[in-house]
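Visitor: Contents of input-v9.cif (mmCIF, C-alpha atoms and all ligand atoms) are below:
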data_query
#
loop_
_atom_site.label_atom_id
_atom_site.label_comp_id
_atom_site.auth_asym_id
_atom_site.auth_seq_id
_atom_site.Cartn_x
_atom_site.Cartn_y
_atom_site.Cartn_z
CA MET A 1 0.00 0.00 0.00
CA THR A 2 1.33 3.47 -0.87
CA GLU A 3 1.74 5.91 1.98
CA ARG A 4 -0.12 9.21 1.94
CA ALA A 5 1.86 12.43 1.77
CA THR A 6 2.13 14.57 4.91
CA LEU A 7 -1.07 14.25 6.90
CA GLY A 8 -2.99 17.49 7.59
CA VAL A 9 -4.30 17.28 11.15
CA ALA A 10 -7.07 19.31 12.82
CA VAL A 11 -6.71 19.50 16.62
CA ILE A 12 -10.04 20.07 18.39
CA GLY A 13 -9.61 21.60 21.84
CA THR A 14 -6.45 23.62 22.44
CA GLY A 15 -6.22 23.36 26.24
CA LYS A 16 -3.51 21.46 28.14
CA MET A 17 -3.56 18.26 26.04
CA GLY A 18 -4.58 19.81 22.70
CA ALA A 19 -1.85 22.47 22.81
CA ASP A 20 0.69 19.78 23.75
CA HIS A 21 -0.42 17.62 20.80
CA VAL A 22 -0.07 20.64 18.45
CA ARG A 23 3.51 21.17 19.71
CA ARG A 24 4.21 17.45 19.41
CA ILE A 25 3.00 17.19 15.81
CA GLN A 26 4.95 20.27 14.78
CA GLU A 27 8.18 19.41 16.63
CA VAL A 28 8.35 15.66 17.25
CA THR A 29 6.08 13.67 14.95
CA SER A 30 7.12 12.89 11.39
CA GLY A 31 4.67 12.68 8.48
CA ALA A 32 2.10 15.16 9.79
CA ARG A 33 1.47 18.86 10.28
CA VAL A 34 -1.28 20.81 12.02
CA THR A 35 -3.49 22.51 9.43
CA ALA A 36 -6.38 23.60 11.69
CA VAL A 37 -7.15 24.10 15.37
CA VAL A 38 -10.56 24.44 16.98
CA ASP A 39 -11.61 25.83 20.33
CA VAL A 40 -14.87 27.30 21.60
CA ASP A 41 -12.55 29.92 23.09
CA ALA A 42 -11.72 31.79 19.85
CA GLU A 43 -8.79 33.67 21.34
CA ARG A 44 -7.15 30.47 22.56
CA ALA A 45 -7.55 28.85 19.13
CA LYS A 46 -6.08 31.92 17.43
CA SER A 47 -3.09 32.09 19.74
CA VAL A 48 -2.25 28.40 19.16
CA ALA A 49 -2.78 28.73 15.38
CA ALA A 50 -0.50 31.77 15.29
CA ARG A 51 2.45 29.56 16.31
CA VAL A 52 1.99 27.23 13.32
CA ASP A 53 2.57 28.16 9.66
CA GLY A 54 -0.51 27.69 7.50
CA CYS A 55 -2.78 26.73 10.40
CA THR A 56 -6.34 28.12 10.51
CA ALA A 57 -8.29 28.78 13.73
CA HIS A 58 -11.95 27.80 14.14
CA THR A 59 -14.61 27.72 16.84
CA ASP A 60 -16.72 25.05 15.12
CA PRO A 61 -15.27 21.52 14.71
CA ALA A 62 -17.47 20.88 11.64
CA ALA A 63 -16.00 23.88 9.78
CA ALA A 64 -12.45 22.63 10.40
CA MET A 65 -13.29 19.09 9.34
CA ALA A 66 -14.83 20.36 6.08
CA SER A 67 -11.61 22.09 5.06
CA ALA A 68 -9.68 20.56 2.16
CA ASP A 69 -6.32 20.43 3.97
CA VAL A 70 -7.66 18.36 6.90
CA ASP A 71 -7.04 14.61 6.48
CA ALA A 72 -7.34 13.50 10.11
CA VAL A 73 -8.48 14.75 13.52
CA ILE A 74 -7.23 14.77 17.10
CA ILE A 75 -10.03 15.33 19.62
CA ALA A 76 -8.76 16.93 22.83
CA SER A 77 -11.87 18.80 23.94
CA PRO A 78 -13.56 17.79 27.24
CA GLY A 79 -15.27 14.35 27.26
CA PRO A 80 -18.88 15.63 26.88
CA ALA A 81 -17.91 17.22 23.50
CA HIS A 82 -16.36 14.03 22.07
CA GLU A 83 -19.49 12.30 20.72
CA ALA A 84 -20.52 15.22 18.47
CA ALA A 85 -16.96 15.63 17.16
CA LEU A 86 -16.61 11.87 16.51
CA LEU A 87 -19.90 11.69 14.61
CA THR A 88 -18.91 14.71 12.49
CA ALA A 89 -15.56 13.06 11.73
CA PHE A 90 -17.42 9.91 10.62
CA GLU A 91 -19.58 12.05 8.27
CA HIS A 92 -16.37 13.33 6.66
CA ASP A 93 -14.80 9.84 6.79
CA LEU A 94 -11.80 11.20 8.73
CA PRO A 95 -9.53 9.07 10.93
CA VAL A 96 -9.49 10.19 14.59
CA LEU A 97 -7.22 10.06 17.60
CA CYS A 98 -9.69 10.72 20.44
CA GLU A 99 -8.36 11.57 23.91
CA LYS A 100 -9.86 9.51 26.71
CA PRO A 101 -12.70 9.21 27.59
CA LEU A 102 -14.26 8.11 24.29
CA THR A 103 -17.43 9.69 25.74
CA PRO A 104 -18.48 10.25 29.38
CA ASP A 105 -20.93 7.31 29.69
CA ALA A 106 -21.59 3.84 28.27
CA GLU A 107 -24.81 4.79 26.46
CA SER A 108 -23.16 7.53 24.38
CA ALA A 109 -20.05 5.36 23.87
CA LEU A 110 -22.28 2.65 22.46
CA ARG A 111 -23.81 5.16 20.02
CA VAL A 112 -20.28 5.85 18.73
CA VAL A 113 -19.54 2.11 18.46
CA GLU A 114 -22.80 1.68 16.51
CA ALA A 115 -22.03 4.63 14.17
CA GLU A 116 -18.55 3.23 13.45
CA ARG A 117 -19.98 -0.25 12.93
CA LYS A 118 -22.36 1.22 10.33
CA LEU A 119 -19.37 2.74 8.51
CA GLY A 120 -18.08 -0.83 8.34
CA ARG A 121 -14.47 -0.04 9.26
CA ARG A 122 -12.55 1.29 12.25
CA ARG A 123 -11.86 5.01 12.19
CA VAL A 124 -10.86 5.75 15.82
CA GLN A 125 -7.82 5.23 18.05
CA VAL A 126 -8.65 6.13 21.68
CA GLY A 127 -5.95 7.96 23.66
CA PHE A 128 -5.13 5.34 26.27
CA MET A 129 -1.45 6.28 26.14
CA ARG A 130 -0.14 3.84 28.75
CA ARG A 131 -0.19 1.18 26.02
CA TYR A 132 2.64 3.20 24.40
CA ASP A 133 4.75 3.66 27.56
CA ALA A 134 8.09 1.81 27.29
CA GLU A 135 7.76 0.18 30.73
CA TYR A 136 4.17 -0.97 30.21
CA MET A 137 5.11 -2.29 26.75
CA LYS A 138 7.95 -4.35 28.31
CA LEU A 139 5.56 -5.70 30.94
CA LYS A 140 3.05 -6.70 28.27
CA SER A 141 5.77 -8.46 26.22
CA LEU A 142 6.97 -10.34 29.30
CA LEU A 143 3.46 -11.53 30.14
CA GLU A 144 3.02 -12.68 26.55
CA THR A 145 6.05 -14.97 26.79
CA GLY A 146 4.19 -16.92 29.49
CA GLN A 147 7.43 -17.36 31.41
CA LEU A 148 5.92 -16.10 34.69
CA GLY A 149 2.81 -18.24 34.30
CA ARG A 150 -0.79 -17.08 34.61
CA PRO A 151 -1.41 -13.56 36.05
CA LEU A 152 -3.24 -13.84 39.37
CA MET A 153 -3.26 -10.26 40.66
CA LEU A 154 -2.41 -6.77 39.42
CA HIS A 155 -1.63 -4.04 41.98
CA ASN A 156 -1.75 -0.42 40.78
CA ARG A 157 -0.94 2.93 42.35
CA HIS A 158 -2.06 6.13 40.64
CA ARG A 159 -1.22 9.40 42.39
CA ASN A 160 -1.63 12.99 41.20
CA VAL A 161 -0.23 16.06 42.98
CA ALA A 162 -3.58 17.88 43.23
CA SER A 163 -7.02 17.65 41.67
CA PRO A 164 -8.03 20.53 39.35
CA PRO A 165 -10.86 22.90 40.38
CA GLY A 166 -14.34 21.41 39.99
CA TRP A 167 -13.18 17.86 40.71
CA THR A 168 -15.67 15.37 42.21
CA SER A 169 -15.37 12.02 44.02
CA GLU A 170 -16.76 10.25 40.91
CA MET A 171 -13.96 11.71 38.76
CA LEU A 172 -11.34 9.68 40.63
CA ILE A 173 -12.99 6.72 38.94
CA ASN A 174 -14.19 8.03 35.59
CA ASP A 175 -11.33 10.42 34.84
CA SER A 176 -8.31 8.77 36.52
CA VAL A 177 -8.94 5.04 37.14
CA THR A 178 -10.07 4.80 33.47
CA HIS A 179 -6.38 4.27 32.69
CA GLU A 180 -6.13 1.24 35.01
CA MET A 181 -9.34 -0.13 33.48
CA ASP A 182 -7.71 0.01 30.06
CA VAL A 183 -4.38 -1.30 31.37
CA THR A 184 -6.13 -4.26 33.03
CA ARG A 185 -8.02 -5.24 29.87
CA TRP A 186 -4.95 -4.76 27.63
CA LEU A 187 -2.25 -6.29 29.88
CA LEU A 188 -4.23 -9.29 31.05
CA GLY A 189 -6.49 -9.71 27.99
CA HIS A 190 -9.46 -10.09 30.37
CA GLU A 191 -12.77 -8.22 30.59
CA ILE A 192 -13.57 -6.59 33.95
CA THR A 193 -16.72 -8.17 35.33
CA ALA A 194 -17.29 -6.44 38.70
CA VAL A 195 -16.09 -3.41 40.66
CA THR A 196 -15.92 -2.69 44.41
CA VAL A 197 -14.80 0.66 45.83
CA LEU A 198 -13.57 1.25 49.39
CA ALA A 199 -12.68 4.71 50.67
CA PRO A 200 -10.84 5.59 53.88
CA THR A 201 -11.48 8.82 55.78
CA PRO A 202 -10.46 11.44 53.18
CA SER A 203 -6.97 12.91 53.22
CA GLY A 204 -6.60 16.35 54.79
CA ASN A 205 -5.16 17.39 51.37
CA ALA A 206 -8.46 16.67 49.61
CA PRO A 207 -10.84 19.59 48.87
CA ASP A 208 -13.98 19.52 51.07
CA GLY A 209 -16.43 16.77 50.16
CA ILE A 210 -14.04 14.82 47.91
CA ARG A 211 -13.48 11.19 48.78
CA ASP A 212 -9.78 10.97 48.10
CA PRO A 213 -8.05 8.49 48.18
CA GLN A 214 -10.09 5.47 47.06
CA PHE A 215 -9.25 1.78 46.77
CA VAL A 216 -10.86 0.23 43.71
CA ILE A 217 -11.06 -3.53 43.11
CA PHE A 218 -11.81 -5.21 39.78
CA GLU A 219 -12.69 -8.85 39.20
CA THR A 220 -11.98 -10.18 35.71
CA ASP A 221 -13.41 -12.93 33.53
CA GLY A 222 -9.96 -14.54 33.54
CA GLY A 223 -10.15 -15.02 37.31
CA ALA A 224 -7.71 -12.22 38.24
CA ILE A 225 -8.13 -9.66 41.02
CA VAL A 226 -6.92 -6.11 40.37
CA ASP A 227 -6.57 -3.31 42.89
CA VAL A 228 -6.02 0.40 42.27
CA GLU A 229 -5.02 2.96 44.87
CA ILE A 230 -6.14 6.28 43.42
CA TYR A 231 -4.98 9.36 45.33
CA VAL A 232 -5.34 12.60 43.35
CA ASN A 233 -4.21 15.04 46.06
CA CYS A 234 -1.09 13.30 47.33
CA GLY A 235 0.86 16.58 47.14
CA PHE A 236 4.29 15.11 46.41
CA GLY A 237 4.25 14.00 42.78
CA TYR A 238 2.71 12.13 39.87
CA GLN A 239 3.23 8.40 40.35
CA VAL A 240 1.87 5.54 38.30
CA GLN A 241 3.01 2.06 39.26
CA ALA A 242 1.88 -1.45 38.43
CA GLU A 243 2.92 -4.89 39.71
CA VAL A 244 1.66 -8.12 38.21
CA VAL A 245 1.73 -11.22 40.42
CA CYS A 246 1.86 -14.39 38.35
CA GLU A 247 2.06 -18.07 39.30
CA ARG A 248 5.86 -18.19 39.04
CA GLY A 249 6.99 -14.61 39.61
CA THR A 250 6.13 -10.94 39.70
CA ALA A 251 6.97 -7.95 37.52
CA ARG A 252 6.70 -4.29 38.45
CA VAL A 253 6.91 -0.99 36.52
CA GLY A 254 6.76 2.70 37.37
CA ASP A 255 9.30 3.00 40.16
CA GLY A 256 11.02 5.83 38.29
CA HIS A 257 14.50 4.50 38.97
CA ALA A 258 15.94 5.89 35.75
CA MET A 259 18.58 7.69 37.84
CA VAL A 260 19.47 7.18 41.49
CA THR A 261 21.71 9.73 43.18
CA ASN A 262 23.87 9.21 46.29
CA ALA A 263 24.91 12.35 48.16
CA ALA A 264 25.36 13.65 51.71
CA GLY A 265 24.28 10.44 53.42
CA ARG A 266 21.14 9.96 51.32
CA TRP A 267 20.10 8.16 48.14
CA GLY A 268 17.14 8.85 45.91
CA GLY A 269 15.62 9.88 42.63
CA ILE A 270 13.15 12.35 41.17
CA ILE A 271 9.36 12.07 41.20
CA THR A 272 7.70 13.56 38.11
CA GLN A 273 5.06 16.20 38.81
CA ASP A 274 2.47 15.52 36.11
CA TYR A 275 1.40 13.22 33.30
CA ILE A 276 2.76 15.50 30.56
CA GLU A 277 6.25 14.84 31.99
CA ARG A 278 5.83 11.21 33.12
CA PHE A 279 4.19 10.04 29.88
CA ALA A 280 5.94 12.39 27.39
CA ASP A 281 7.51 9.47 25.50
CA ALA A 282 4.25 7.52 25.55
CA TYR A 283 2.30 10.44 24.02
CA ASP A 284 5.03 10.84 21.37
CA ARG A 285 4.86 7.13 20.51
CA GLU A 286 1.05 7.12 20.58
CA VAL A 287 0.71 10.05 18.16
CA GLN A 288 3.47 8.73 15.85
CA ALA A 289 1.80 5.30 15.75
CA TRP A 290 -1.52 6.97 14.86
CA VAL A 291 0.06 9.09 12.10
CA ASP A 292 1.95 6.11 10.66
CA ALA A 293 -1.11 3.85 10.68
CA THR A 294 -3.29 6.58 9.18
CA ARG A 295 -0.82 7.19 6.36
CA ARG A 296 -0.86 3.43 5.64
CA GLY A 297 -4.67 3.58 5.55
CA GLU A 298 -4.95 1.53 8.76
CA VAL A 299 -6.38 2.04 12.25
CA THR A 300 -4.53 0.47 15.17
CA GLY A 301 -4.38 0.85 18.97
CA PRO A 302 -7.24 1.13 21.48
CA SER A 303 -10.60 0.99 19.68
CA THR A 304 -14.04 2.50 20.24
CA TRP A 305 -14.94 -0.90 21.71
CA ASP A 306 -12.18 -0.42 24.29
CA GLY A 307 -13.54 3.08 24.98
CA TYR A 308 -17.05 1.69 25.43
CA ALA A 309 -15.88 -1.20 27.68
CA VAL A 310 -14.03 1.26 29.92
CA ALA A 311 -17.11 3.54 30.06
CA ALA A 312 -19.18 0.55 31.21
CA VAL A 313 -16.64 -0.26 33.95
CA CYS A 314 -16.69 3.43 35.01
CA GLU A 315 -20.47 3.27 35.43
CA ALA A 316 -20.18 0.19 37.64
CA GLY A 317 -17.37 1.88 39.60
CA VAL A 318 -19.32 5.08 40.25
CA LYS A 319 -22.35 3.02 41.36
CA ALA A 320 -20.10 1.00 43.69
CA LEU A 321 -18.71 4.23 45.15
CA GLU A 322 -22.17 5.74 45.68
CA GLU A 323 -24.06 2.68 46.88
CA GLY A 324 -21.30 0.50 48.34
CA GLY A 325 -20.82 -3.20 47.69
CA ARG A 326 -19.86 -5.06 44.54
CA VAL A 327 -21.37 -3.93 41.23
CA GLU A 328 -21.33 -6.10 38.12
CA VAL A 329 -20.29 -4.61 34.77
CA GLU A 330 -22.84 -4.84 31.97
CA LEU A 331 -21.44 -5.10 28.45
CA VAL A 332 -23.32 -5.67 25.18
CA GLU A 333 -22.06 -8.35 22.83
CA ARG A 334 -18.85 -7.30 21.06
CA PRO A 335 -19.55 -6.52 17.35
CA ALA A 336 -17.54 -8.49 14.77
CA LEU A 337 -15.67 -5.29 13.76
CA TYR A 338 -13.81 -5.41 17.10
CA LEU A 339 -13.07 -9.13 17.39
N1 LIG B 1 -4.31 10.81 28.13
C1 LIG B 1 -4.10 11.56 29.18
O1 LIG B 1 -3.22 11.31 29.98
C2 LIG B 1 -4.90 12.80 29.39
C3 LIG B 1 -4.45 13.78 30.27
C4 LIG B 1 -5.24 14.92 30.46
C5 LIG B 1 -6.41 15.07 29.78
N2 LIG B 1 -6.82 14.08 28.93
C6 LIG B 1 -8.08 14.22 28.18
O2 LIG B 1 -7.88 15.22 27.16
C7 LIG B 1 -9.08 15.97 26.99
C8 LIG B 1 -8.78 17.45 27.22
O3 LIG B 1 -8.28 17.63 28.51
P1 LIG B 1 -7.43 18.93 28.91
O4 LIG B 1 -6.82 18.63 30.22
O5 LIG B 1 -6.59 19.37 27.78
O6 LIG B 1 -8.62 20.00 29.12
P2 LIG B 1 -8.53 21.58 29.06
O7 LIG B 1 -9.70 22.08 29.85
O8 LIG B 1 -7.16 22.06 29.41
O9 LIG B 1 -8.77 21.93 27.51
C9 LIG B 1 -9.98 21.69 26.85
C10 LIG B 1 -10.11 22.72 25.74
O10 LIG B 1 -11.25 22.37 24.94
C11 LIG B 1 -12.00 23.56 24.68
N3 LIG B 1 -13.38 23.16 24.37
C12 LIG B 1 -14.43 22.96 25.21
N4 LIG B 1 -15.50 22.52 24.52
C13 LIG B 1 -15.12 22.44 23.22
C14 LIG B 1 -15.78 22.06 22.04
N5 LIG B 1 -17.06 21.66 22.03
N6 LIG B 1 -15.10 22.10 20.87
C15 LIG B 1 -13.81 22.53 20.84
N7 LIG B 1 -13.13 22.91 21.95
C16 LIG B 1 -13.77 22.85 23.13
C17 LIG B 1 -11.83 24.41 25.92
O11 LIG B 1 -12.10 25.78 25.66
C18 LIG B 1 -10.37 24.15 26.28
O12 LIG B 1 -9.49 25.03 25.62
C19 LIG B 1 -10.11 15.37 27.95
O13 LIG B 1 -10.85 14.42 27.26
C20 LIG B 1 -9.23 14.71 29.02
O14 LIG B 1 -9.84 13.63 29.68
C21 LIG B 1 -6.08 12.99 28.71
O1 LIG B 2 -7.18 13.44 32.95
C1 LIG B 2 -6.04 13.05 33.69
C2 LIG B 2 -5.20 12.12 32.88
O2 LIG B 2 -5.97 11.13 32.31
C3 LIG B 2 -4.02 11.55 33.65
O3 LIG B 2 -3.33 10.60 32.91
C4 LIG B 2 -4.46 10.97 34.99
O4 LIG B 2 -3.34 10.56 35.74
C5 LIG B 2 -5.24 11.97 35.79
O5 LIG B 2 -5.61 11.42 37.02
C6 LIG B 2 -6.47 12.44 35.03
O6 LIG B 2 -7.17 13.39 35.76
#
Show the structure stored in the file as structure tokens.

Guide:
Amino acid sequence: MTERATLGVAVIGTGKMGADHVRRIQEVTSGARVTAVVDVDAERAKSVAARVDGCTAHTDPAAAMASADVDAVIIASPGPAHEAALLTAFEHDLPVLCEKPLTPDAESALRVVEAERKLGRRRVQVGFMRRYDAEYMKLKSLLETGQLGRPLMLHNRHRNVASPPGWTSEMLINDSVTHEMDVTRWLLGHEITAVTVLAPTPSGNAPDGIRDPQFVIFETDGGAIVDVEIYVNCGFGYQVQAEVVCERGTARVGDGHAMVTNAAGRWGGIITQDYIERFADAYDREVQAWVDATRRGEVTGPSTWDGYAVAAVCEAGVKALEEGGRVEVELVERPALYL
């Protein structure tokens, strides 16, 4: 198959992630350039566009997607705006890299799955970037060799320095633990069947009324148990760690031991402060993989089905948080397009 010439990309949403993706495509990624940016905040769109030669600024995603120099779309607007942007991209038959979440709930995610199924071919890669992190990729390869035996348990820690304004207790699950939901399904190759959430007395760091931290437990259809400590106001750094316990050994990633210093009677390393820093390489690899696949006329990586499955687990998780106890995950049958 012949590769397409340089891909013209429209970036929808030019906030923290969108602006970083614009910089990445212009400075890091090969085979693509940003030809349009969209933001409901016209000034923000204009100021990002002004940094890129030949880039137009829009406030309406549909106008950008209709332009002749747009071949593909990155959606980095807030979750509630994703469905409309995805459906418009489908109308224009444009390939999409959609930041997580696919959409904020399982019902709307299923509408996107159904719309893509009607197109008859995959169009979307969902931005679950941990699949492109070097350490997680090594862990996945190791598990695939089978040398450690069957995975029995997966322990995760996910800590953020501080939650942004407007954060809620539910968002620990449906904005943060979404990543562990995807990691569980991808690393173990299992579906998550039930969720239980336990929460200690909230940390004094947490804004009033926010149940932070939480301890989230998944059961899987492969018989594994997965736990996630989510603590979004830990104050000291951004830490994401995972340890798989298998029948004949364990493997652990995310300790951040790239460099250990010894000085003045102490040893130690650095803790990253946010995801942009911790997952910089993963985002670079994710976007490059999307550009390369798109130019080959293919769609790879996390699918709309993966986005829907995670949305369904989020719903069970939020119910478990609100009502207590163990809540089963309800999934529709997986369409043939995603088998
Ligand atoms: N993969 C990750 O690690 C990761 C990290 C952070 C955020 N995200 C996801 O990226 C997305 C954006 O998050 P963010 O932190 O950049 O948010 P942000 O608030 O910094 O930026 C969002 C931008 O979208 C604009 N916007 C709002 N509605 C819009 C619409 N209908 N059309 C176009 N633009 C619109 C806003 O004006 C704002 O500039 C979210 O889906 C979020 O969950 C992913
Ligand atoms: O939206 C962000 C993002 O997805 C990060 O990767 C995660 O660590 C944060 O907890 C979440 O709020």

Visitor: Neighbours of A:Leu142 within 12 Å (all atoms listed in the file; same-chain residues fewer than 4 positions away dropped), as a list of chain:residue names?

Guide: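 That gives A:Glu135, A:Tyr136, A:Met137, A:Lys138, A:Gly146, A:Gln147, A:Leu148, A:Gly149, A:Arg150, A:Pro151, A:Leu187, A:Leu188, A:Val244, A:Cys246, A:Gly249, A:Thr250, A:Ala251, A:Arg252, A:Val253.
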
Visitor: Those same residues, written as a short mmCIF file (atom, residue, chain, number, x, y, z; two decimals), in the frame of the given file with C-alpha atoms?

Guide:
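selection.cif was written with the following content:
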data_model
loop_
_atom_site.label_atom_id
_atom_site.label_comp_id
_atom_site.auth_asym_id
_atom_site.auth_seq_id
_atom_site.Cartn_x
_atom_site.Cartn_y
_atom_site.Cartn_z
CA GLU A 135 7.76 0.18 30.73
CA TYR A 136 4.17 -0.97 30.21
CA MET A 137 5.11 -2.29 26.75
CA LYS A 138 7.95 -4.35 28.31
CA GLY A 146 4.19 -16.92 29.49
CA GLN A 147 7.43 -17.36 31.41
CA LEU A 148 5.92 -16.10 34.69
CA GLY A 149 2.81 -18.24 34.30
CA ARG A 150 -0.79 -17.08 34.61
CA PRO A 151 -1.41 -13.56 36.05
CA LEU A 187 -2.25 -6.29 29.88
CA LEU A 188 -4.23 -9.29 31.05
CA VAL A 244 1.66 -8.12 38.21
CA CYS A 246 1.86 -14.39 38.35
CA GLY A 249 6.99 -14.61 39.61
CA THR A 250 6.13 -10.94 39.70
CA ALA A 251 6.97 -7.95 37.52
CA ARG A 252 6.70 -4.29 38.45
CA VAL A 253 6.91 -0.99 36.52
#

Visitor: Could you give me the residues within 8 Å of ligand LIG 1 (chain B), counting all atoms listed in the file, as an MDAnalysis selection string?

Guide: chainID A and resid 12:19 38:41 44:45 59:61 75:82 85 98:102 127:129 175 275:276 279 283

Visitor: I'd like the contact shell of A:Glu229 - 9 Å cut-off, only C-alpha atoms, skipping same-chain residues fewer than 4 positions apart - returned as JSON, numbers by chain.

Guide: {"A": [155, 156, 157, 158, 159, 177, 213, 214, 215, 216]}

Visitor: Separation of atom CA of A:Gln239 and atom CA of A:Ala106, in Å?

Guide: 28.0 Å

Visitor: So which one's closest to ligand LIG 2 (chain B), A:Ser303, A:Thr184, A:Thr168, A:Gln125? Using only C-alpha atoms and all ligand atoms, please.

Guide: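 So, comparing all the options, the nearest one is A:Thr168.
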
Visitor: Just the number, please: distance in Å from atom CA of A:Ile225 to atom CA of A:Gly301, one decimal.

Guide: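 So the answer is 24.7 Å.
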
Visitor: Nearest to A:Arg23: which of A:Val195, A:Ser169, A:Val318, A:Asp284 is it, counting only C-alpha atoms?

Guide: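 Ranking A:Val195, A:Ser169, A:Val318, A:Asp284 by distance to A:Arg23, first place goes to A:Asp284.
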
Visitor: Write out as a VMD selection string which residues come within 10 Å of A:Asp69 when counting only C-alpha atoms, dropping same-chain ones fewer than 2 positions away.

Guide: chain A and resid 7 to 10 34 to 36 54 to 55 64 to 67 71 to 72

Visitor: Which residue gives the smallest distance to ligand LIG 2 (chain B) among A:Asp221, A:Glu277, A:Glu91, A:Glu247, with only C-alpha atoms and all ligand atoms counted?

Guide: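 Answer, going by the shortest atom-to-atom distance: A:Glu277.
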
Visitor: Which one is closest to A:Arg131: A:Val228, A:Met181, A:Val299, A:Leu86? Count all atoms listed in the file.

Guide: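 For A:Arg131, the nearest of the candidates is A:Met181.
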
Visitor: Under the rule that all atoms listed in the file are counted, which of A:Ser30, A:Asn205, A:Thr300, A:Asn174 is the nearest residue to ligand LIG 2 (chain B)?

Guide: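 With all atoms listed in the file as the atom set, the closest residue is A:Asn174.
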
Visitor: Using all atoms listed in the file, pick whichever of A:Asp227, A:Glu219, A:Glu107, A:Asp255 has the shortest atom-to-atom distance to A:Glu328.

Guide: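 Looking only at the distances to A:Glu328, the closest residue turns out to be A:Glu219.
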
Visitor: (-16.2, 11.2, 10.0) in this file's frame - what residues fall within 10 Å of it? Use all atoms listed in the file and give the answer as an mmCIF file with C-alpha atoms, in the frame of the given file.

Guide:
data_model
loop_
_atom_site.group_PDB
_atom_site.id
_atom_site.type_symbol
_atom_site.label_atom_id
_atom_site.label_comp_id
_atom_site.auth_asym_id
_atom_site.auth_seq_id
_atom_site.Cartn_x
_atom_site.Cartn_y
_atom_site.Cartn_z
ATOM 1 C CA ALA A 62 -17.470 20.880 11.640
ATOM 2 C CA MET A 65 -13.290 19.090 9.340
ATOM 3 C CA ALA A 72 -7.340 13.500 10.110
ATOM 4 C CA VAL A 73 -8.480 14.750 13.520
ATOM 5 C CA ALA A 85 -16.960 15.630 17.160
ATOM 6 C CA LEU A 86 -16.610 11.870 16.510
ATOM 7 C CA LEU A 87 -19.900 11.690 14.610
ATOM 8 C CA THR A 88 -18.910 14.710 12.490
ATOM 9 C CA ALA A 89 -15.560 13.060 11.730
ATOM 10 C CA PHE A 90 -17.420 9.910 10.620
ATOM 11 C CA GLU A 91 -19.580 12.050 8.270
ATOM 12 C CA HIS A 92 -16.370 13.330 6.660
ATOM 13 C CA ASP A 93 -14.800 9.840 6.790
ATOM 14 C CA LEU A 94 -11.800 11.200 8.730
ATOM 15 C CA PRO A 95 -9.530 9.070 10.930
ATOM 16 C CA VAL A 96 -9.490 10.190 14.590
ATOM 17 C CA ALA A 115 -22.030 4.630 14.170
ATOM 18 C CA GLU A 116 -18.550 3.230 13.450
ATOM 19 C CA LEU A 119 -19.370 2.740 8.510
ATOM 20 C CA ARG A 123 -11.860 5.010 12.190
ATOM 21 C CA VAL A 124 -10.860 5.750 15.820
#

Visitor: Could you name the residues that touch A:Thr178 at 8 Å or less, counting all atoms listed in the file, but leaving out those on the same chain fewer than 6 positions away, as a list in words?

Guide: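 Here the answer would be Pro101, Val310, Ala311 and Cys314 of chain A.
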
Visitor: Export C-alpha atoms of the chosen residues as a PDB file, keeping the file's coordinate frame?

Guide:
ATOM      1  CA  PRO A 101     -12.700   9.210  27.590  1.00  0.00           C
ATOM      2  CA  VAL A 310     -14.030   1.260  29.920  1.00  0.00           C
ATOM      3  CA  ALA A 311     -17.110   3.540  30.060  1.00  0.00           C
ATOM      4  CA  CYS A 314     -16.690   3.430  35.010  1.00  0.00           C
TER       5      CYS A 314
END

Visitor: Separation of atom CA of A:Ile230 and atom CA of A:Leu172, in Å?

Guide: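 Taking atom CA of A:Ile230 and atom CA of A:Leu172, their separation equals 6.8 Å.
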
Visitor: Would you list the contacts of A:Pro207 as JSON, numbers by chain, taking every protein, DNA or RNA residue within 12 Å and counting all atoms listed in the file, but skipping same-chain residues closer than 6 positions in sequence?

Guide: {"A": [162, 163, 164, 165, 166, 167, 168, 169, 213, 232, 233, 234]}

Visitor: Return stretch 325-331 of chain A, completed with N, CA and C atoms, as a PDB file, in the frame of the given file.

Guide:
ATOM      1  N   GLY A 325     -20.690  -1.822  48.166  1.00  0.00           N
ATOM      2  CA  GLY A 325     -20.820  -3.200  47.690  1.00  0.00           C
ATOM      3  C   GLY A 325     -20.191  -3.422  46.328  1.00  0.00           C
ATOM      4  N   ARG A 326     -20.488  -4.610  45.790  1.00  0.00           N
ATOM      5  CA  ARG A 326     -19.860  -5.060  44.540  1.00  0.00           C
ATOM      6  C   ARG A 326     -20.868  -4.859  43.408  1.00  0.00           C
ATOM      7  N   VAL A 327     -20.441  -4.201  42.340  1.00  0.00           N
ATOM      8  CA  VAL A 327     -21.370  -3.930  41.230  1.00  0.00           C
ATOM      9  C   VAL A 327     -20.862  -4.620  39.972  1.00  0.00           C
ATOM     10  N   GLU A 328     -21.739  -5.381  39.331  1.00  0.00           N
ATOM     11  CA  GLU A 328     -21.330  -6.100  38.120  1.00  0.00           C
ATOM     12  C   GLU A 328     -21.320  -5.168  36.915  1.00  0.00           C
ATOM     13  N   VAL A 329     -20.407  -5.429  35.992  1.00  0.00           N
ATOM     14  CA  VAL A 329     -20.290  -4.610  34.770  1.00  0.00           C
ATOM     15  C   VAL A 329     -21.196  -5.210  33.704  1.00  0.00           C
ATOM     16  N   GLU A 330     -21.971  -4.346  33.053  1.00  0.00           N
ATOM     17  CA  GLU A 330     -22.840  -4.840  31.970  1.00  0.00           C
ATOM     18  C   GLU A 330     -22.282  -4.403  30.634  1.00  0.00           C
ATOM     19  N   LEU A 331     -21.967  -5.395  29.791  1.00  0.00           N
ATOM     20  CA  LEU A 331     -21.440  -5.100  28.450  1.00  0.00           C
ATOM     21  C   LEU A 331     -22.350  -5.723  27.409  1.00  0.00           C
TER      22      LEU A 331
END
